[in-house]
Every structure is written in structure tokens, then in C-alpha cells.
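Enquirer: So that you have it, the file is start_25.pdb, and it contains PDB, C-alpha atoms:
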ATOM      1  CA  MET A   1       4.048  10.729   0.342
ATOM      2  CA  LYS A   2       1.943   8.557   2.628
ATOM      3  CA  THR A   3      -0.914  11.093   2.564
ATOM      4  CA  ILE A   4      -0.909  11.232  -1.238
ATOM      5  CA  TRP A   5      -0.915   7.419  -1.412
ATOM      6  CA  ARG A   6      -3.880   7.258   0.983
ATOM      7  CA  LEU A   7      -5.772   9.889  -1.047
ATOM      8  CA  LEU A   8      -5.128   7.987  -4.296
ATOM      9  CA  MET A   9      -6.303   4.744  -2.721
ATOM     10  CA  PHE A  10      -9.453   6.486  -1.430
ATOM     11  CA  ILE A  11     -10.270   7.814  -4.908
ATOM     12  CA  TYR A  12      -9.467   4.425  -6.459
ATOM     13  CA  ASN A  13     -11.797   2.629  -4.034
ATOM     14  CA  LEU A  14     -14.499   5.233  -4.604
ATOM     15  CA  VAL A  15     -14.315   4.686  -8.387
ATOM     16  CA  LEU A  16     -14.457   0.909  -7.930
ATOM     17  CA  LEU A  17     -17.457   1.282  -5.637
ATOM     18  CA  LEU A  18     -19.216   3.445  -8.225
ATOM     19  CA  LEU A  19     -18.372   0.991 -11.006
ATOM     20  CA  ALA A  20     -19.654  -1.964  -8.961
ATOM     21  CA  GLY A  21     -22.867  -0.058  -8.270
ATOM     22  CA  VAL A  22     -23.383   0.662 -11.966
ATOM     23  CA  VAL A  23     -22.783  -2.984 -12.921
ATOM     24  CA  LEU A  24     -25.127  -4.160 -10.179
ATOM     25  CA  ALA A  25     -27.851  -1.733 -11.300
ATOM     26  CA  VAL A  26     -27.527  -2.903 -14.937
ATOM     27  CA  THR A  27     -27.706  -6.581 -13.938
ATOM     28  CA  LEU A  28     -30.874  -5.873 -11.958
ATOM     29  CA  GLY A  29     -32.446  -4.503 -15.139
ATOM     30  CA  ARG A  30     -32.179  -0.763 -14.501
ATOM     31  CA  PRO A  31     -31.760   1.106 -17.833
ATOM     32  CA  GLU A  32     -30.566   4.425 -16.355
ATOM     33  CA  PRO A  33     -26.845   3.574 -16.003
ATOM     34  CA  LEU A  34     -26.639   2.471 -19.643
ATOM     35  CA  LYS A  35     -28.345   5.692 -20.782
ATOM     36  CA  TYR A  36     -25.831   7.773 -18.790
ATOM     37  CA  ILE A  37     -22.902   5.761 -20.182
ATOM     38  CA  ASN A  38     -24.172   6.194 -23.773
ATOM     39  CA  MET A  39     -24.679   9.912 -23.172
ATOM     40  CA  MET A  40     -21.188  10.220 -21.665
ATOM     41  CA  MET A  41     -19.596   8.426 -24.629
ATOM     42  CA  ALA A  42     -21.473  10.468 -27.249
ATOM     43  CA  THR A  43     -18.663  12.981 -27.903
ATOM     44  CA  THR A  44     -14.994  12.464 -28.727
ATOM     45  CA  GLN A  45     -13.867  14.721 -25.880
ATOM     46  CA  ASN A  46     -15.793  12.675 -23.329
ATOM     47  CA  ARG A  47     -14.397   9.410 -24.715
ATOM     48  CA  ILE A  48     -10.837  10.796 -24.432
ATOM     49  CA  ALA A  49     -11.448  11.913 -20.834
ATOM     50  CA  VAL A  50     -12.936   8.533 -19.873
ATOM     51  CA  GLY A  51     -10.033   6.753 -21.613
ATOM     52  CA  ILE A  52      -7.459   8.792 -19.659
ATOM     53  CA  ILE A  53      -9.240   8.074 -16.377
ATOM     54  CA  ALA A  54      -9.467   4.358 -17.246
ATOM     55  CA  ALA A  55      -5.739   4.255 -18.104
ATOM     56  CA  ALA A  56      -4.865   5.961 -14.802
ATOM     57  CA  ILE A  57      -6.997   3.469 -12.870
ATOM     58  CA  LEU A  58      -5.387   0.583 -14.766
ATOM     59  CA  ILE A  59      -1.879   1.838 -13.957
ATOM     60  CA  LEU A  60      -2.806   2.364 -10.300
ATOM     61  CA  THR A  61      -4.281  -1.141 -10.161
ATOM     62  CA  ILE A  62      -1.172  -2.752 -11.654
ATOM     63  CA  TRP A  63       1.077  -0.743  -9.320
ATOM     64  CA  GLY A  64      -1.019  -1.769  -6.285
ATOM     65  CA  LEU A  65      -0.970  -5.396  -7.383
ATOM     66  CA  ILE A  66       2.805  -5.418  -7.735
ATOM     67  CA  ALA A  67       3.213  -3.646  -4.377
ATOM     68  CA  SER A  68       0.964  -6.195  -2.666
ATOM     69  CA  LEU A  69       2.914  -9.124  -4.114
ATOM     70  CA  LYS A  70       6.225  -7.817  -2.840
ATOM     71  CA  GLY A  71       7.158  -9.281   0.494
ATOM     72  CA  GLU A  72       8.158  -7.315   3.529
ATOM     73  CA  PRO A  73      11.733  -6.113   3.261
ATOM     74  CA  LYS A  74      14.119  -8.300   5.183
ATOM     75  CA  PRO A  75      15.702  -6.593   8.150
ATOM     76  CA  LYS A  76      19.310  -5.585   7.605
ATOM     77  CA  THR A  77      21.680  -7.976   9.326
ATOM     78  CA  VAL A  78      25.329  -8.176  10.225
ATOM     79  CA  VAL A  79      27.203 -11.466   9.959
ATOM     80  CA  VAL A  80      28.697 -12.473  13.292
ATOM     81  CA  ASN A  81      30.174 -15.822  12.291
ATOM     82  CA  ASN A  82      30.275 -17.759   9.046
ATOM     83  CA  GLY A  83      31.833 -21.045   9.996
ATOM     84  CA  VAL A  84      31.626 -24.723   9.265
ATOM     85  CA  ASP A  85      28.479 -25.086  11.378
ATOM     86  CA  GLY A  86      26.632 -22.370   9.483
ATOM     87  CA  LEU A  87      25.914 -18.668   9.398
ATOM     88  CA  VAL A  88      25.212 -16.557  12.476
ATOM     89  CA  SER A  89      23.915 -13.034  11.947
ATOM     90  CA  ILE A  90      22.307 -10.319  14.041
ATOM     91  CA  THR A  91      19.767  -7.662  13.076
ATOM     92  CA  ILE A  92      20.226  -3.925  13.561
ATOM     93  CA  PRO A  93      17.401  -3.762  16.163
ATOM     94  CA  ALA A  94      19.170  -6.498  18.151
ATOM     95  CA  ILE A  95      22.436  -4.520  17.957
ATOM     96  CA  LYS A  96      20.591  -1.452  19.260
ATOM     97  CA  ALA A  97      19.160  -3.529  22.130
ATOM     98  CA  ILE A  98      22.676  -4.605  23.114
ATOM     99  CA  ILE A  99      23.785  -0.968  23.029
ATOM    100  CA  MET A 100      20.844   0.151  25.176
ATOM    101  CA  LYS A 101      21.565  -2.563  27.738
ATOM    102  CA  GLY A 102      25.171  -1.450  28.028
ATOM    103  CA  ILE A 103      24.361   2.256  28.298
ATOM    104  CA  ARG A 104      22.369   1.623  31.482
ATOM    105  CA  LYS A 105      25.751   1.182  33.199
ATOM    106  CA  VAL A 106      26.886   4.733  32.344
ATOM    107  CA  GLU A 107      25.872   7.444  34.803
ATOM    108  CA  GLY A 108      24.850  10.821  33.444
ATOM    109  CA  VAL A 109      23.074   9.518  30.354
ATOM    110  CA  LYS A 110      19.409  10.456  30.220
ATOM    111  CA  GLU A 111      18.535   9.295  26.724
ATOM    112  CA  ILE A 112      20.350   7.769  23.794
ATOM    113  CA  ARG A 113      19.462   7.077  20.162
ATOM    114  CA  PRO A 114      21.962   4.780  18.464
ATOM    115  CA  VAL A 115      22.423   4.697  14.688
ATOM    116  CA  VAL A 116      24.360   1.709  13.357
ATOM    117  CA  ASN A 117      26.265   1.893  10.077
ATOM    118  CA  THR A 118      27.385  -1.459   8.667
ATOM    119  CA  ASP A 119      29.049  -0.152   5.514
ATOM    120  CA  HIS A 120      32.591   0.257   6.893
ATOM    121  CA  GLU A 121      34.997  -2.532   5.901
ATOM    122  CA  GLU A 122      36.720  -2.742   9.286
ATOM    123  CA  GLY A 123      33.588  -3.078  11.418
ATOM    124  CA  LEU A 124      30.545  -1.252  12.656
ATOM    125  CA  VAL A 125      30.396   2.505  13.021
ATOM    126  CA  VAL A 126      27.973   3.464  15.789
ATOM    127  CA  TYR A 127      26.633   7.005  16.098
ATOM    128  CA  MET A 128      25.296   7.787  19.563
ATOM    129  CA  HIS A 129      22.890  10.738  19.751
ATOM    130  CA  THR A 130      22.804  11.435  23.477
ATOM    131  CA  MET A 131      20.984  13.533  26.017
ATOM    132  CA  LEU A 132      23.245  14.019  29.037
ATOM    133  CA  ASN A 133      22.884  15.352  32.533
ATOM    134  CA  PRO A 134      24.906  18.621  32.730
ATOM    135  CA  ASP A 135      26.220  17.661  36.207
ATOM    136  CA  TYR A 136      28.537  15.081  34.609
ATOM    137  CA  SER A 137      31.693  15.736  32.609
ATOM    138  CA  ILE A 138      31.002  15.501  28.874
ATOM    139  CA  PRO A 139      34.443  14.135  27.916
ATOM    140  CA  GLU A 140      34.396  11.495  30.676
ATOM    141  CA  THR A 141      30.801  10.452  30.037
ATOM    142  CA  SER A 142      31.388  10.306  26.278
ATOM    143  CA  GLN A 143      34.483   8.171  26.748
ATOM    144  CA  LYS A 144      32.579   5.808  29.060
ATOM    145  CA  ILE A 145      29.817   5.548  26.456
ATOM    146  CA  GLN A 146      32.346   4.693  23.743
ATOM    147  CA  VAL A 147      34.092   2.062  25.872
ATOM    148  CA  VAL A 148      30.869   0.441  27.117
ATOM    149  CA  VAL A 149      29.258   0.317  23.668
ATOM    150  CA  LYS A 150      32.368  -1.161  22.051
ATOM    151  CA  GLU A 151      32.794  -3.760  24.824
ATOM    152  CA  GLN A 152      29.115  -4.742  24.783
ATOM    153  CA  LEU A 153      29.008  -5.209  21.014
ATOM    154  CA  GLU A 154      32.275  -7.133  20.904
ATOM    155  CA  ASN A 155      31.705  -9.308  23.990
ATOM    156  CA  ILE A 156      27.956  -9.976  23.812
ATOM    157  CA  GLY A 157      27.280  -9.568  20.092
ATOM    158  CA  GLY A 158      30.560 -10.960  18.787
ATOM    159  CA  LEU A 159      30.771  -7.982  16.455
ATOM    160  CA  LYS A 160      33.757  -6.021  15.257
ATOM    161  CA  VAL A 161      33.418  -2.321  16.094
ATOM    162  CA  TYR A 162      35.487   0.163  14.151
ATOM    163  CA  GLU A 163      34.312   3.355  15.798
ATOM    164  CA  VAL A 164      31.796   4.743  18.290
ATOM    165  CA  ARG A 165      30.930   8.390  17.730
ATOM    166  CA  VAL A 166      29.129  10.346  20.436
ATOM    167  CA  LEU A 167      27.081  13.438  19.689
ATOM    168  CA  VAL A 168      25.639  15.342  22.651
ATOM    169  CA  ASP A 169      22.332  16.665  21.345
ATOM    170  CA  GLU A 170      20.916  18.082  24.543
ATOM    171  CA  PHE A 171      21.252  18.496  28.282
ATOM    172  CA  VAL A 172      18.502  17.694  30.721
ATOM    173  CA  GLY A 173      17.770  18.259  34.456
ATOM    174  CA  THR A 174      20.027  17.701  37.391
ATOM    175  CA  GLY A 175      20.279  14.912  39.884
ATOM    176  CA  LYS A 176      21.086  11.236  39.622
ATOM    177  CA  THR A 177      20.141   9.602  36.355
ATOM    178  CA  THR A 178      18.135   6.468  35.924
ATOM    179  CA  GLY A 179      20.065   5.292  32.872
ATOM    180  CA  VAL A 180      18.409   5.135  29.498
TER     181      VAL A 180
END
As a first step, turn the structure in this file into C-alpha cells.

Expert:
Amino acid sequence: MKTIWRLLMFIYNLVLLLLAGVVLAVTLGRPEPLKYINMMMATTQNRIAVGIIAAAILILTIWGLIASLKGEPKPKTVVVNNGVDGLVSITIPAIKAIIMKGIRKVEGVKEIRPVVNTDHEEGLVVYMHTMLNPDYSIPETSQKIQVVVKEQLENIGGLKVYEVRVLVDEFVGTGKTTGV
């Protein structure tokens, strides 16, 4: 979708550049652009084609204007505390940073990609896509990951964790790990 959007914007800018050039040439007293415009508008078919192109450019312009006026989407947050003193919340990237800090304590983990789901009523559901060292026990390492992640999020983040799911995606090399 991004490539199509870039192509449309390129064509849009090209048309605007052409239109600005024509207007500039007419204001400088050049009669050629007006002759070409009159010739182009001489038949009904040409007028319909130009009208369709003008409508498409108008729609694209309005859509671009609306898109530019929209602000950046606010990052998704999780409420930690809503007390008398005010609201305390934490963003998903901050939650992932807490998770990554805690995972450094677990041996046998080479890489981890956490996905945080905030939709569960009883707390966070954390999906841990992991790359483990095959020299370590998968059940033990997975259990350590679950315990460490839950403790880190509850103790440091003040968050309620419902579940930590571990998915071993891949195994990598042997030897002592360096953490995350």
C-alpha cells in the first residue's frame, strides 16, 4: 500500500508541477498553453476525460489534506494506577523495555520478541517469541522466562499480568549466551 501511495503522490505532484508551469507561462504572456487548452477542450470526449482527471485530483487533494491534519496516533497505554493523585499509565514500548531488561537474567535466551495484549480483563497477556540455545532445557528456560517476565512487570511496572505465553521459534548456536 505504501508503494501505491508514493506513486499516487508522485503523479499528483507531477500534475501540479505541470499546472503551475502552464499558469506561469500564461501569466508571462505566452499564448501556446491557452491554444493547447482550447484544442483539448474542443470535443466532448476530451472534456469528459479532463473532468474525470480533475475530479480524481480533487479527491486526492482533499484526502491528503485530511490525512495531513490528523495528528499522530497516540501510543497505546496501560493504566497502572488511577488514584486520588492522578492517573499513571505506561506505554507498550515501555512494557517491552521492562520485559527485555528482565530477560537478560535468563540464561539460554538468544533473542526475544515480546507481543503485549492489553485486551484481557484480568491483566496483560504477553506472548514471547523466543530464540533459544539448544544446550538449555526448553521447559526450564520457558518457565524461567514466564516467572521473570511476570515478576518484572508486576514489581517494576506495577502491572497485573494474567498470562505469559512462550513460543520457541528457533534454536541458535551453542555456548554461553549473552542474554538478549

Enquirer: Name the closest residue to A:Leu132 among the candidates A:Leu167, A:Ala54, A:Val147, A:Ile156; distances are taken between atoms, counting all atoms listed in the file.

Expert: A:Leu167

Enquirer: Would you please work out which residue, of A:Leu16, A:Met9, A:Ile138, A:Met41, is nearest to A:Leu60 when using only C-alpha atoms?

Expert: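 Looking at the shortest contact to A:Leu60, the residue is A:Met9.
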
Enquirer: So, with all atoms listed in the file as the atoms that count, which of A:Leu34, A:Lys101, A:Trp5, A:Leu159 lies closest to A:Val78?

Expert: A:Leu159

Enquirer: Evaluate the PyMOL selection byres ((chain A and resi 11-15) around 12) here and jot the selected residues down as an MDAnalysis selection string.

Expert: chainID A and resid 4:10 16:22 53:54 56:61 64

Enquirer: Near A:Asn81, counting only C-alpha atoms, which residues have an atom at most 9 Å away, once you skip same-chain residues fewer than 5 positions from it, shown as a list in words?

Expert: Gly86, Leu87, Val88, Ser89, Gly158 and Leu159 of chain A

Enquirer: Identify which of the residues A:Ala49, A:Glu122, A:Val149, A:Tyr127 lies closest to A:Arg165, counting only C-alpha atoms when measuring atom-to-atom distances.

Expert: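 For A:Arg165, the nearest of the candidates is A:Tyr127.
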
Enquirer: Write out N, CA, C and O atoms for stretch 99-122 of chain A, as a CSV table (one decimal), in the coordinates of the input.

Expert:
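selection-v2.csv was written with the following content:
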chain,number,residue,atom,x,y,z
A,99,ILE,N,23.3,-2.3,22.7
A,99,ILE,CA,23.8,-1.0,23.0
A,99,ILE,C,23.0,-0.4,24.2
A,99,ILE,O,23.6,0.1,25.2
A,100,MET,N,21.7,-0.4,24.1
A,100,MET,CA,20.8,0.2,25.2
A,100,MET,C,21.1,-0.5,26.5
A,100,MET,O,21.1,0.1,27.6
A,101,LYS,N,21.3,-1.8,26.5
A,101,LYS,CA,21.6,-2.6,27.7
A,101,LYS,C,22.9,-2.1,28.3
A,101,LYS,O,23.0,-1.9,29.6
A,102,GLY,N,23.9,-1.9,27.5
A,102,GLY,CA,25.2,-1.4,28.0
A,102,GLY,C,25.2,0.0,28.5
A,102,GLY,O,25.8,0.3,29.5
A,103,ILE,N,24.4,0.8,27.9
A,103,ILE,CA,24.4,2.3,28.3
A,103,ILE,C,23.8,2.4,29.7
A,103,ILE,O,24.1,3.4,30.4
A,104,ARG,N,23.0,1.5,30.1
A,104,ARG,CA,22.4,1.6,31.5
A,104,ARG,C,23.5,1.7,32.6
A,104,ARG,O,23.2,2.2,33.7
A,105,LYS,N,24.6,1.2,32.2
A,105,LYS,CA,25.8,1.2,33.2
A,105,LYS,C,26.4,2.5,33.3
A,105,LYS,O,27.2,2.8,34.3
A,106,VAL,N,26.2,3.4,32.4
A,106,VAL,CA,26.9,4.7,32.3
A,106,VAL,C,26.0,5.8,33.1
A,106,VAL,O,24.9,6.0,32.6
A,107,GLU,N,26.6,6.4,34.1
A,107,GLU,CA,25.9,7.4,34.8
A,107,GLU,C,26.0,8.7,34.0
A,107,GLU,O,27.0,9.0,33.4
A,108,GLY,N,24.9,9.5,34.1
A,108,GLY,CA,24.8,10.8,33.4
A,108,GLY,C,24.1,10.8,32.1
A,108,GLY,O,23.9,11.9,31.5
A,109,VAL,N,23.8,9.6,31.6
A,109,VAL,CA,23.1,9.5,30.4
A,109,VAL,C,21.6,9.5,30.6
A,109,VAL,O,21.1,8.6,31.3
A,110,LYS,N,20.9,10.4,30.1
A,110,LYS,CA,19.4,10.5,30.2
A,110,LYS,C,18.7,9.7,29.1
A,110,LYS,O,17.7,9.0,29.3
A,111,GLU,N,19.2,9.9,27.9
A,111,GLU,CA,18.5,9.3,26.7
A,111,GLU,C,19.6,9.1,25.7
A,111,GLU,O,20.5,9.9,25.5
A,112,ILE,N,19.4,8.1,24.9
A,112,ILE,CA,20.4,7.8,23.8
A,112,ILE,C,19.6,7.2,22.6
A,112,ILE,O,18.7,6.4,22.7
A,113,ARG,N,20.0,7.6,21.4
A,113,ARG,CA,19.5,7.1,20.2
A,113,ARG,C,20.6,6.6,19.3
A,113,ARG,O,21.3,7.4,18.6
A,114,PRO,N,20.9,5.3,19.3
A,114,PRO,CA,22.0,4.8,18.5
A,114,PRO,C,21.6,4.6,17.0
A,114,PRO,O,20.5,4.3,16.7
A,115,VAL,N,22.6,4.9,16.1
A,115,VAL,CA,22.4,4.7,14.7
A,115,VAL,C,23.6,3.8,14.3
A,115,VAL,O,24.8,4.2,14.6
A,116,VAL,N,23.3,2.7,13.7
A,116,VAL,CA,24.4,1.7,13.4
A,116,VAL,C,24.6,1.7,11.9
A,116,VAL,O,23.7,1.6,11.1
A,117,ASN,N,25.9,1.9,11.5
A,117,ASN,CA,26.3,1.9,10.1
A,117,ASN,C,27.1,0.6,9.9
A,117,ASN,O,28.1,0.5,10.5
A,118,THR,N,26.7,-0.2,8.9
A,118,THR,CA,27.4,-1.5,8.7
A,118,THR,C,28.2,-1.4,7.4
A,118,THR,O,28.8,-2.4,7.0
A,119,ASP,N,28.4,-0.2,6.8
A,119,ASP,CA,29.0,-0.2,5.5
A,119,ASP,C,30.6,-0.1,5.6
A,119,ASP,O,31.2,-0.3,4.6
A,120,HIS,N,31.1,0.1,6.8
A,120,HIS,CA,32.6,0.3,6.9
A,120,HIS,C,33.2,-1.1,6.8
A,120,HIS,O,32.7,-2.1,7.4
A,121,GLU,N,34.3,-1.2,6.1
A,121,GLU,CA,35.0,-2.5,5.9
A,121,GLU,C,35.6,-3.1,7.2
A,121,GLU,O,35.6,-4.3,7.3
A,122,GLU,N,36.0,-2.3,8.1
A,122,GLU,CA,36.7,-2.7,9.3
A,122,GLU,C,35.8,-2.9,10.5
A,122,GLU,O,36.3,-3.2,11.6
